[in-house]
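Following: one structure in structure tokens, then a few remarks.
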Amino acid sequence: MQKAAGATFRNTIILIVGLFVFWELAYLLVGEVALRSPWQTIQFLGGLMRTDLFWLHLADSLKAFAVALVIAVALGLFIGFALGLHRLSGDAMEPMLVALYSIPKITLYPIILLAFGIGISAKIAFGAIHGIIPVALFTLSAVRATKPILIKTGRVLKLSPTVMVREILFPAAVPEIFTGIRVGFSLTLIGTILGEMFAAQRGLGYLLMNAISLYNIDLIMSVTFLLIVLAASVNTLLLAIDRRLHHG
Amino acid sequence: MSRLRLYQIVIVAGFVLLLEALCLAGVIDRVTMPPPHIILRDLARLVLAGRYFGEIGKSLANVLAAFASAYLIGVVTGTILHGYKTVRQILDPLFATYYAIPVFAFYPLFIVMFGLGDGPQILIGFMLAIVAVIITTLNGLDRVPAVLKKTARVNGLNALQTARLITLPFCAPYLLTAAKLALAYAFIGVIGSEFIMARSGMGYEISYAYTNFDNATMYPLILLILLLSIAANSLLSHWERVLLARRGQT
């Protein structure tokens with residue numbers, strides 16, 4: 001186990017160095033017109049981080065994202081358990097949820113904007129609809145995969161649905177649910193940023209789109225870089241916990 | 001099975017009727033959303049007039065370009081990668097994290113690099129789709145039974161022949177899953193990019209209609225995109241089930 005972890009660590013380092021080399025080569029090839037080198041980007045990002053305006057945008061994105069994530073997880077868990085406990089509903093709804101999962105949800109954004117108005121609530125709603133379905137689907141399959149003997153025990157003890165979920169289904173499904181939350185986390189983040197890119201006056205997504213109209217390559221590259229580093233590092237952390245839960 | 005289908009139809013119909021009732025009762029006002037029957041009428045009118053055929057064709061062509069390139073390059077890359085264990089291990093963390101990264105964040109960069117044309121949109125669709133194809137291909141190749149590989153060796157097949165005659169046919173269900181994922185991602189990538197910033201295409205038309213408060217165009221177009229992507233997805237899902245069922249029987 002220790003050795004495998006070491007190998008993964010080494011591979012990650014090689015990968016990161018490789019990506020930076022690729023980036024530097026692309027920069028040397030394309031040049032100043034459209035790209036910045038890794039070093040320039042990091043330097044610009046450092047400068048950006050010393051401005052108040054940047055922290056305002058970041059705080060706005062993070063706030064919308066946090067609320068969206070809470071909604072996505074809560075609703076996703078609720079839908080997943082409800083459908084998991086009722087066989088027919090689960091069987092009927094699962095393919096529909098999968099179909100919803102694969103549609104370009106961004107086309108629904110104008111509807112959300114009309115319903116919520118431009119502002120933080122629209123961003124939250126849009127982030128949440130990205131995250132709900134994966135959390136629900138993973139929870140659903142986890143509840144279904146619960147050992148029948150556990151459920152039978154609960155029935156014999158005449159547990160109410162709430163106690164059944166709290167004492168039996170939830171603890172048994174934790175590893176799978178965590179995977180759902182991990183995927184939901186990423187998708188909610190993507191949804192929130194995407195929402196900001198289309199219609200918002202604040203947030204990192206807005207900052208990106210604003211940078212295009214200003215043709216500010218430094219800003220585009222450093223915000224993109226920041227978003228990717230944030231998403232990738234949080235996901236790596238969650239993935240590590242996920243693996244521990246599944247094998248621990 | 002038929003009871004299940006009935007149940008699904010009831011759910012969808014109930015949802016549409018609920019929307020209709022809410023719209024007619026004025027709980028959802030006209031500015032936010034027209035009642036479903038009006039949306040359907042507008043969609044029929046739009047299709048009959050053939051007004052957006054050019055835009056639809058253009059979007060679909062870009063989706064197809066992103067899908068085809070991602071699928072071909074993805075399957076080939078996956079097949080090659082399967083033979084190089086070290087390279088695969090190094091790329092593993094990338095694959096595990098890839099879909100957590102907001103790929104759309106690259107779109108502004110691509111616009112600066114390639115201009116505001118079809119290129120950046122196709123590239124976003126391609127980037128979203130390719131990794132799913134590679135992962136699924138690798139997944140399928142991992143499951144090829146050792147006895148089949150031995151058969152290939154006994155018959156003295158070279159790497160290309162083995163892939164063409166043995167491993168890829170065995171992986172057919174996986175390759176179909178890969179196609180399904182690639183198509184969904186290509187759709188999301190291209191329509192999403194058009195939506196964020198573009199000069200043409202269905203996504204662009206929707207955002208244009210939104211800025212002009214033109215609900216009579218926006219809602220039918222949204223419905224059309226949803227129907228198109230759900231139809232494509234269920235068609236491939238159905239084919240996938242048929243293939244898997246046949247596998248199960250033999």
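Naming scheme: A, B, ... for chains in displayed order of the structure tokens; residues 1 onward per chain; ligands 1 onward as shown.
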
For this session: Just the residues within 12 Å of Val63 of chain B, please, counting only C-alpha atoms, with nothing from its chain fewer than 3 positions along; format it as a PyMOL selection string.
Result: (chain A and resi 104) or (chain B and resi 56-60+66-71+118-119+121-126+128-129+182-194+201-203+228-229+232)

For the residues in that selection, give me N, CA and C atoms as a short mmCIF file (atom, residue, chain, number, x, y, z; two decimals), in the first residue's frame.
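So result.cif came out as:
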data_model
loop_
_atom_site.label_atom_id
_atom_site.label_comp_id
_atom_site.auth_asym_id
_atom_site.auth_seq_id
_atom_site.Cartn_x
_atom_site.Cartn_y
_atom_site.Cartn_z
N PRO A 104 -27.08 18.98 -22.84
CA PRO A 104 -26.31 20.20 -22.61
C PRO A 104 -27.12 21.14 -21.73
N ILE B 56 -29.13 24.93 -37.36
CA ILE B 56 -29.17 23.57 -36.81
C ILE B 56 -28.12 22.71 -37.51
N GLY B 57 -28.09 22.83 -38.85
CA GLY B 57 -27.12 22.05 -39.62
C GLY B 57 -25.70 22.36 -39.22
N LYS B 58 -25.43 23.64 -39.00
CA LYS B 58 -24.08 24.05 -38.65
C LYS B 58 -23.67 23.50 -37.28
N SER B 59 -24.60 23.62 -36.31
CA SER B 59 -24.29 23.08 -34.98
C SER B 59 -24.05 21.57 -35.05
N LEU B 60 -24.94 20.87 -35.76
CA LEU B 60 -24.81 19.42 -35.83
C LEU B 60 -23.52 19.02 -36.54
N ALA B 66 -16.54 17.21 -33.84
CA ALA B 66 -15.92 17.00 -32.53
C ALA B 66 -16.03 15.54 -32.14
N PHE B 67 -17.21 14.96 -32.36
CA PHE B 67 -17.44 13.56 -32.00
C PHE B 67 -16.51 12.64 -32.78
N ALA B 68 -16.50 12.79 -34.12
CA ALA B 68 -15.73 11.87 -34.96
C ALA B 68 -14.24 11.95 -34.64
N SER B 69 -13.72 13.18 -34.50
CA SER B 69 -12.28 13.30 -34.24
C SER B 69 -11.94 12.73 -32.87
N ALA B 70 -12.78 13.05 -31.86
CA ALA B 70 -12.49 12.56 -30.51
C ALA B 70 -12.59 11.04 -30.46
N TYR B 71 -13.57 10.49 -31.16
CA TYR B 71 -13.77 9.04 -31.12
C TYR B 71 -12.62 8.31 -31.79
N ASP B 118 -15.41 28.29 -35.92
CA ASP B 118 -15.84 26.95 -35.52
C ASP B 118 -14.75 26.21 -34.75
N GLY B 119 -13.50 26.58 -35.01
CA GLY B 119 -12.36 25.86 -34.42
C GLY B 119 -12.45 25.71 -32.91
N GLN B 121 -14.91 25.94 -30.86
CA GLN B 121 -16.07 25.16 -30.42
C GLN B 121 -15.82 23.67 -30.59
N ILE B 122 -15.30 23.32 -31.77
CA ILE B 122 -15.03 21.90 -32.04
C ILE B 122 -13.96 21.40 -31.06
N LEU B 123 -12.97 22.26 -30.82
CA LEU B 123 -11.88 21.86 -29.93
C LEU B 123 -12.38 21.60 -28.51
N ILE B 124 -13.32 22.43 -28.02
CA ILE B 124 -13.89 22.22 -26.68
C ILE B 124 -14.66 20.89 -26.65
N GLY B 125 -15.50 20.66 -27.68
CA GLY B 125 -16.23 19.39 -27.77
C GLY B 125 -15.28 18.21 -27.81
N PHE B 126 -14.22 18.35 -28.61
CA PHE B 126 -13.20 17.31 -28.74
C PHE B 126 -12.53 17.04 -27.39
N LEU B 128 -13.62 17.65 -24.37
CA LEU B 128 -14.54 17.04 -23.40
C LEU B 128 -14.71 15.55 -23.69
N ALA B 129 -14.77 15.22 -25.01
CA ALA B 129 -15.13 13.85 -25.39
C ALA B 129 -13.95 12.88 -25.32
N ALA B 182 -19.01 10.06 -25.94
CA ALA B 182 -18.37 11.06 -26.80
C ALA B 182 -19.42 11.96 -27.44
N LEU B 183 -20.53 11.38 -27.88
CA LEU B 183 -21.57 12.17 -28.52
C LEU B 183 -22.18 13.16 -27.52
N ALA B 184 -22.47 12.66 -26.30
CA ALA B 184 -23.05 13.55 -25.29
C ALA B 184 -22.09 14.70 -24.99
N TYR B 185 -20.80 14.39 -24.83
CA TYR B 185 -19.83 15.44 -24.50
C TYR B 185 -19.63 16.40 -25.66
N ALA B 186 -19.63 15.86 -26.91
CA ALA B 186 -19.47 16.73 -28.08
C ALA B 186 -20.63 17.72 -28.14
N PHE B 187 -21.83 17.21 -27.87
CA PHE B 187 -23.02 18.06 -27.83
C PHE B 187 -22.85 19.18 -26.81
N ILE B 188 -22.51 18.76 -25.57
CA ILE B 188 -22.37 19.74 -24.49
C ILE B 188 -21.30 20.77 -24.84
N GLY B 189 -20.17 20.29 -25.38
CA GLY B 189 -19.06 21.19 -25.68
C GLY B 189 -19.42 22.20 -26.76
N VAL B 190 -19.97 21.72 -27.86
CA VAL B 190 -20.24 22.61 -28.99
C VAL B 190 -21.38 23.57 -28.67
N ILE B 191 -22.51 23.04 -28.20
CA ILE B 191 -23.65 23.92 -27.91
C ILE B 191 -23.29 24.91 -26.80
N GLY B 192 -22.58 24.42 -25.77
CA GLY B 192 -22.17 25.28 -24.67
C GLY B 192 -21.28 26.42 -25.15
N SER B 193 -20.30 26.10 -26.01
CA SER B 193 -19.41 27.15 -26.51
C SER B 193 -20.18 28.17 -27.34
N GLU B 194 -21.07 27.66 -28.19
CA GLU B 194 -21.88 28.58 -29.01
C GLU B 194 -22.67 29.52 -28.11
N GLY B 201 -24.96 29.28 -34.96
CA GLY B 201 -25.24 28.01 -34.31
C GLY B 201 -26.45 28.09 -33.39
N MET B 202 -26.95 26.94 -32.99
CA MET B 202 -28.17 26.91 -32.18
C MET B 202 -27.98 27.55 -30.81
N GLY B 203 -26.84 27.24 -30.17
CA GLY B 203 -26.57 27.81 -28.86
C GLY B 203 -26.56 29.33 -28.93
N LEU B 228 -33.22 16.62 -29.37
CA LEU B 228 -32.16 16.04 -30.20
C LEU B 228 -31.17 15.24 -29.38
N SER B 229 -30.70 15.84 -28.27
CA SER B 229 -29.66 15.15 -27.50
C SER B 229 -30.23 13.93 -26.77
N ALA B 232 -30.65 11.14 -29.46
CA ALA B 232 -29.38 10.52 -29.81
C ALA B 232 -28.91 9.61 -28.69
#

For this session: Residues of chain A no more than 7 Å from chain B, counting only C-alpha atoms: send them over as a list of chain:residue names.
Result: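 Matching residues, ligands excluded from the count: A:Asn11, A:Thr12, A:Ile14, A:Leu15, A:Ala34, A:Ala92, A:Ala99, A:Ser102, A:Ile103, A:Pro104, A:Ile106, A:Thr107, A:Pro110, A:Leu114, A:Ala115, A:Ser186, A:Leu187, A:Ile190, A:Met197, A:Phe198, A:Met209, A:Ile212, A:Ile220, A:Thr224, A:Ile228, A:Ala231, A:Ala232, A:Asn235, A:Thr236.
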
Problem set entry | For Leu207 of chain A: contacts at 8 Å, only C-alpha atoms, fewer than 4 positions along chain excluded, given as a PyMOL selection string | chain A and resi 57+202-203+211+223

Keeping only C-alpha atoms, write the selected residues to a file as a short mmCIF file (atom, residue, chain, number, x, y, z; two decimals), in the first residue's frame.
data_model
loop_
_atom_site.label_atom_id
_atom_site.label_comp_id
_atom_site.auth_asym_id
_atom_site.auth_seq_id
_atom_site.Cartn_x
_atom_site.Cartn_y
_atom_site.Cartn_z
CA HIS A 57 -14.70 38.02 -7.57
CA ARG A 202 -19.16 39.15 -10.72
CA GLY A 203 -17.20 35.99 -10.17
CA ALA A 211 -10.83 39.45 -20.20
CA VAL A 223 -7.66 32.84 -14.15
#

Exercise. If you count only C-alpha atoms, which residues fall within 12 Å of Ala64 of chain A, apart from same-chain ones fewer than 2 positions away, as JSON, numbers by chain?
Worked result: {"A": [57, 58, 59, 60, 61, 62, 66, 67, 68, 69, 70, 71, 119, 120, 121, 122, 123, 124, 125, 126, 127, 128, 188, 189, 190, 191, 192, 193, 195, 196, 200, 202, 203, 204, 205]}

Problem set entry | segment 134-148 of chain B surroundings by only C-alpha atoms, 7 Å radius, close-in-sequence under 3 positions cut, as a list in words | Gly74, Val75, Thr77, Gly78, Thr79, His82, Ile130, Val131, Thr151, Ala152, Thr167, Phe170, Cys171, Tyr174, Leu175 and Ala178 of chain B

For this session: Measure the distance from atom CA of Ala198 of chain B to atom CA of Glu55 of chain B in Å and round it to one decimal.
Result: 11.9 Å

For this session: Write out as a count of residues only each polymer residue whose atoms come within 12 Å of Leu137 of chain A, counting only C-alpha atoms; drop sequence neighbours fewer than 2 positions from it.
Result: 41

For this session: as a ChimeraX atom specification, please: all residues of segment 43-219 of chain B that backbone DSSP puts in alpha helix (DSSP H).
Result: /B:43-49,53-82,85-98,107-114,118-142,146-154,159-162,168-170,172-196,202-211,215-219

Could the residues in this selection be saved with C-alpha atoms as a short mmCIF file (atom, residue, chain, number, x, y, z; two decimals), in the first residue's frame?
data_model
loop_
_atom_site.label_atom_id
_atom_site.label_comp_id
_atom_site.auth_asym_id
_atom_site.auth_seq_id
_atom_site.Cartn_x
_atom_site.Cartn_y
_atom_site.Cartn_z
CA LEU B 43 -41.63 24.81 -32.45
CA ALA B 44 -43.91 23.42 -35.19
CA ARG B 45 -44.10 26.85 -36.79
CA LEU B 46 -40.33 27.24 -36.61
CA VAL B 47 -39.66 23.84 -38.14
CA LEU B 48 -42.29 24.26 -40.88
CA ALA B 49 -40.90 27.65 -41.84
CA PHE B 53 -32.25 24.84 -40.62
CA GLY B 54 -28.95 26.49 -41.48
CA GLU B 55 -28.07 27.06 -37.82
CA ILE B 56 -29.17 23.57 -36.81
CA GLY B 57 -27.12 22.05 -39.62
CA LYS B 58 -24.08 24.05 -38.65
CA SER B 59 -24.29 23.08 -34.98
CA LEU B 60 -24.81 19.42 -35.83
CA ALA B 61 -21.89 19.48 -38.28
CA ASN B 62 -19.64 20.88 -35.54
CA VAL B 63 -20.92 18.29 -33.04
CA LEU B 64 -20.22 15.57 -35.59
CA ALA B 65 -16.71 16.91 -36.27
CA ALA B 66 -15.92 17.00 -32.53
CA PHE B 67 -17.44 13.56 -32.00
CA ALA B 68 -15.73 11.87 -34.96
CA SER B 69 -12.28 13.30 -34.24
CA ALA B 70 -12.49 12.56 -30.51
CA TYR B 71 -13.77 9.04 -31.12
CA LEU B 72 -11.21 8.05 -33.74
CA ILE B 73 -8.22 9.60 -31.99
CA GLY B 74 -9.50 8.37 -28.62
CA VAL B 75 -9.88 4.72 -29.65
CA VAL B 76 -6.48 4.71 -31.38
CA THR B 77 -4.81 6.42 -28.40
CA GLY B 78 -6.47 4.04 -25.96
CA THR B 79 -5.38 1.01 -27.98
CA ILE B 80 -1.79 2.21 -28.21
CA LEU B 81 -1.71 3.31 -24.57
CA HIS B 82 -2.84 -0.15 -23.48
CA LYS B 85 2.04 0.39 -18.92
CA THR B 86 4.36 3.10 -17.59
CA VAL B 87 2.92 5.86 -19.77
CA ARG B 88 -0.55 4.77 -18.72
CA GLN B 89 0.36 4.92 -15.05
CA ILE B 90 1.77 8.39 -15.47
CA LEU B 91 -1.39 9.56 -17.23
CA ASP B 92 -3.66 7.90 -14.66
CA PRO B 93 -3.88 10.92 -12.30
CA LEU B 94 -4.77 13.07 -15.32
CA PHE B 95 -7.61 10.75 -16.28
CA ALA B 96 -8.88 10.64 -12.70
CA THR B 97 -8.98 14.43 -12.41
CA TYR B 98 -9.82 15.40 -15.98
CA TYR B 107 -12.72 28.56 -24.35
CA PRO B 108 -11.64 32.21 -23.96
CA LEU B 109 -8.04 31.15 -24.48
CA PHE B 110 -8.95 29.25 -27.65
CA ILE B 111 -10.88 32.24 -28.98
CA VAL B 112 -7.76 34.37 -28.51
CA MET B 113 -5.61 31.69 -30.17
CA PHE B 114 -7.81 30.68 -33.11
CA ASP B 118 -15.84 26.95 -35.52
CA GLY B 119 -12.36 25.86 -34.42
CA PRO B 120 -12.59 26.70 -30.69
CA GLN B 121 -16.07 25.16 -30.42
CA ILE B 122 -15.03 21.90 -32.04
CA LEU B 123 -11.88 21.86 -29.93
CA ILE B 124 -13.89 22.22 -26.68
CA GLY B 125 -16.23 19.39 -27.77
CA PHE B 126 -13.20 17.31 -28.74
CA MET B 127 -11.44 17.94 -25.42
CA LEU B 128 -14.54 17.04 -23.40
CA ALA B 129 -15.13 13.85 -25.39
CA ILE B 130 -11.70 12.36 -25.99
CA VAL B 131 -10.74 11.40 -22.45
CA ALA B 132 -14.01 9.50 -21.92
CA VAL B 133 -13.26 7.56 -25.11
CA ILE B 134 -9.70 6.75 -24.02
CA ILE B 135 -10.79 5.65 -20.53
CA THR B 136 -13.62 3.46 -21.84
CA THR B 137 -11.40 1.89 -24.51
CA LEU B 138 -8.73 1.08 -21.91
CA ASN B 139 -11.44 -0.31 -19.65
CA GLY B 140 -12.66 -2.65 -22.39
CA LEU B 141 -9.16 -3.76 -23.38
CA ASP B 142 -8.41 -4.62 -19.75
CA ALA B 146 -6.11 -14.03 -21.62
CA VAL B 147 -7.15 -17.00 -23.75
CA LEU B 148 -8.07 -14.71 -26.65
CA LYS B 149 -4.74 -12.95 -26.44
CA LYS B 150 -2.99 -16.32 -26.39
CA THR B 151 -4.95 -17.39 -29.47
CA ALA B 152 -3.68 -14.30 -31.24
CA ARG B 153 -0.11 -15.12 -30.26
CA VAL B 154 -0.44 -18.77 -31.31
CA ALA B 159 -0.23 -5.97 -33.00
CA LEU B 160 -2.41 -4.37 -35.66
CA GLN B 161 -4.06 -7.65 -36.64
CA THR B 162 -4.67 -8.55 -32.99
CA LEU B 168 -11.47 -4.45 -30.68
CA PRO B 169 -14.34 -6.81 -31.69
CA PHE B 170 -14.35 -8.14 -28.12
CA ALA B 172 -17.56 -3.70 -29.11
CA PRO B 173 -19.95 -2.94 -26.19
CA TYR B 174 -17.30 -0.72 -24.60
CA LEU B 175 -16.67 1.04 -27.88
CA LEU B 176 -20.38 1.72 -28.12
CA THR B 177 -20.43 3.14 -24.59
CA ALA B 178 -17.48 5.30 -25.60
CA ALA B 179 -19.44 6.53 -28.63
CA LYS B 180 -22.41 7.36 -26.46
CA LEU B 181 -20.30 9.36 -24.01
CA ALA B 182 -18.37 11.06 -26.80
CA LEU B 183 -21.57 12.17 -28.52
CA ALA B 184 -23.05 13.55 -25.29
CA TYR B 185 -19.83 15.44 -24.50
CA ALA B 186 -19.47 16.73 -28.08
CA PHE B 187 -23.02 18.06 -27.83
CA ILE B 188 -22.37 19.74 -24.49
CA GLY B 189 -19.06 21.19 -25.68
CA VAL B 190 -20.24 22.61 -28.99
CA ILE B 191 -23.65 23.92 -27.91
CA GLY B 192 -22.17 25.28 -24.67
CA SER B 193 -19.41 27.15 -26.51
CA GLU B 194 -21.88 28.58 -29.01
CA PHE B 195 -23.94 29.70 -26.08
CA ILE B 196 -21.12 31.44 -24.25
CA MET B 202 -28.17 26.91 -32.18
CA GLY B 203 -26.57 27.81 -28.86
CA TYR B 204 -25.88 31.28 -30.21
CA GLU B 205 -29.47 31.66 -31.44
CA ILE B 206 -30.78 30.76 -27.98
CA SER B 207 -28.58 33.31 -26.25
CA TYR B 208 -29.50 35.88 -28.93
CA ALA B 209 -33.20 35.22 -28.37
CA TYR B 210 -32.63 35.50 -24.63
CA THR B 211 -31.01 38.93 -24.94
CA ASN B 215 -39.44 33.68 -25.83
CA ALA B 216 -41.28 32.54 -28.96
CA THR B 217 -37.89 31.58 -30.43
CA MET B 218 -35.92 30.73 -27.32
CA TYR B 219 -38.16 28.08 -25.79
#

Exercise. Hey, can you check how far atom CA of Ile16 of chain A sits from atom CA of Val229 of chain A?
Worked result: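 These two atoms are separated by 10.8 Å.
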
Exercise. Between A:Asp218, A:Leu230, A:Leu169, A:Ala72, which is the closest to Lys152 of chain A once you count only C-alpha atoms?
Worked result: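 Looking only at the distances to Lys152 of chain A, the closest residue turns out to be A:Leu169.
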
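Every protein or nucleic acid residue with an atom no more than 12 Å from Cys23 of chain B, counting only C-alpha atoms and leaving out same-chain residues fewer than 4 positions away, appears here: Val16, Leu17, Leu18, Leu19, Val27, Ile28, Asp29, Arg30, Val31, Thr32, Met33, Pro34, Pro35, Pro36, His37, Ile38 and Ile39 of chain B.
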
Can you write just those residues out, N, CA and C atoms, as an mmCIF file, in the first residue's frame?
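The result, stored in out12.cif:
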data_model
loop_
_atom_site.group_PDB
_atom_site.id
_atom_site.type_symbol
_atom_site.label_atom_id
_atom_site.label_comp_id
_atom_site.auth_asym_id
_atom_site.auth_seq_id
_atom_site.Cartn_x
_atom_site.Cartn_y
_atom_site.Cartn_z
ATOM 1 N N VAL B 16 -45.454 17.858 -17.597
ATOM 2 C CA VAL B 16 -45.860 18.830 -18.614
ATOM 3 C C VAL B 16 -47.200 19.462 -18.243
ATOM 4 N N LEU B 17 -48.142 18.627 -17.781
ATOM 5 C CA LEU B 17 -49.461 19.148 -17.401
ATOM 6 C C LEU B 17 -49.346 20.121 -16.230
ATOM 7 N N LEU B 18 -48.466 19.791 -15.289
ATOM 8 C CA LEU B 18 -48.256 20.672 -14.142
ATOM 9 C C LEU B 18 -47.756 22.037 -14.609
ATOM 10 N N LEU B 19 -46.760 22.014 -15.535
ATOM 11 C CA LEU B 19 -46.239 23.268 -16.080
ATOM 12 C C LEU B 19 -47.355 24.053 -16.756
ATOM 13 N N VAL B 27 -49.213 31.411 -12.165
ATOM 14 C CA VAL B 27 -48.171 31.262 -11.139
ATOM 15 C C VAL B 27 -46.805 31.505 -11.788
ATOM 16 N N ILE B 28 -46.639 30.932 -13.023
ATOM 17 C CA ILE B 28 -45.472 31.257 -13.835
ATOM 18 C C ILE B 28 -45.945 32.270 -14.867
ATOM 19 N N ASP B 29 -45.374 33.487 -14.814
ATOM 20 C CA ASP B 29 -45.923 34.490 -15.727
ATOM 21 C C ASP B 29 -45.365 34.323 -17.132
ATOM 22 N N ARG B 30 -46.034 34.941 -18.095
ATOM 23 C CA ARG B 30 -45.726 34.800 -19.518
ATOM 24 C C ARG B 30 -44.301 35.218 -19.877
ATOM 25 N N VAL B 31 -43.804 36.227 -19.167
ATOM 26 C CA VAL B 31 -42.466 36.719 -19.474
ATOM 27 C C VAL B 31 -41.422 35.657 -19.130
ATOM 28 N N THR B 32 -41.701 34.872 -18.075
ATOM 29 C CA THR B 32 -40.759 33.832 -17.681
ATOM 30 C C THR B 32 -40.856 32.632 -18.608
ATOM 31 N N MET B 33 -42.088 32.164 -18.833
ATOM 32 C CA MET B 33 -42.219 30.965 -19.645
ATOM 33 C C MET B 33 -43.614 30.864 -20.235
ATOM 34 N N PRO B 34 -43.688 30.673 -21.563
ATOM 35 C CA PRO B 34 -45.006 30.451 -22.157
ATOM 36 C C PRO B 34 -45.494 29.032 -21.840
ATOM 37 N N PRO B 35 -46.806 28.795 -21.832
ATOM 38 C CA PRO B 35 -47.298 27.446 -21.530
ATOM 39 C C PRO B 35 -46.770 26.423 -22.553
ATOM 40 N N PRO B 36 -46.593 25.166 -22.147
ATOM 41 C CA PRO B 36 -46.029 24.148 -23.035
ATOM 42 C C PRO B 36 -46.706 24.045 -24.398
ATOM 43 N N HIS B 37 -48.038 24.180 -24.453
ATOM 44 C CA HIS B 37 -48.671 24.009 -25.766
ATOM 45 C C HIS B 37 -48.291 25.132 -26.733
ATOM 46 N N ILE B 38 -48.036 26.310 -26.178
ATOM 47 C CA ILE B 38 -47.567 27.420 -27.023
ATOM 48 C C ILE B 38 -46.151 27.129 -27.525
ATOM 49 N N ILE B 39 -45.318 26.582 -26.640
ATOM 50 C CA ILE B 39 -43.942 26.254 -27.034
ATOM 51 C C ILE B 39 -43.972 25.248 -28.184
#

For this session: Just give me the gap between atom CA of Leu22 of chain B and atom CA of Ala74 of chain A in Å, one decimal is fine.
Result: 25.7 Å
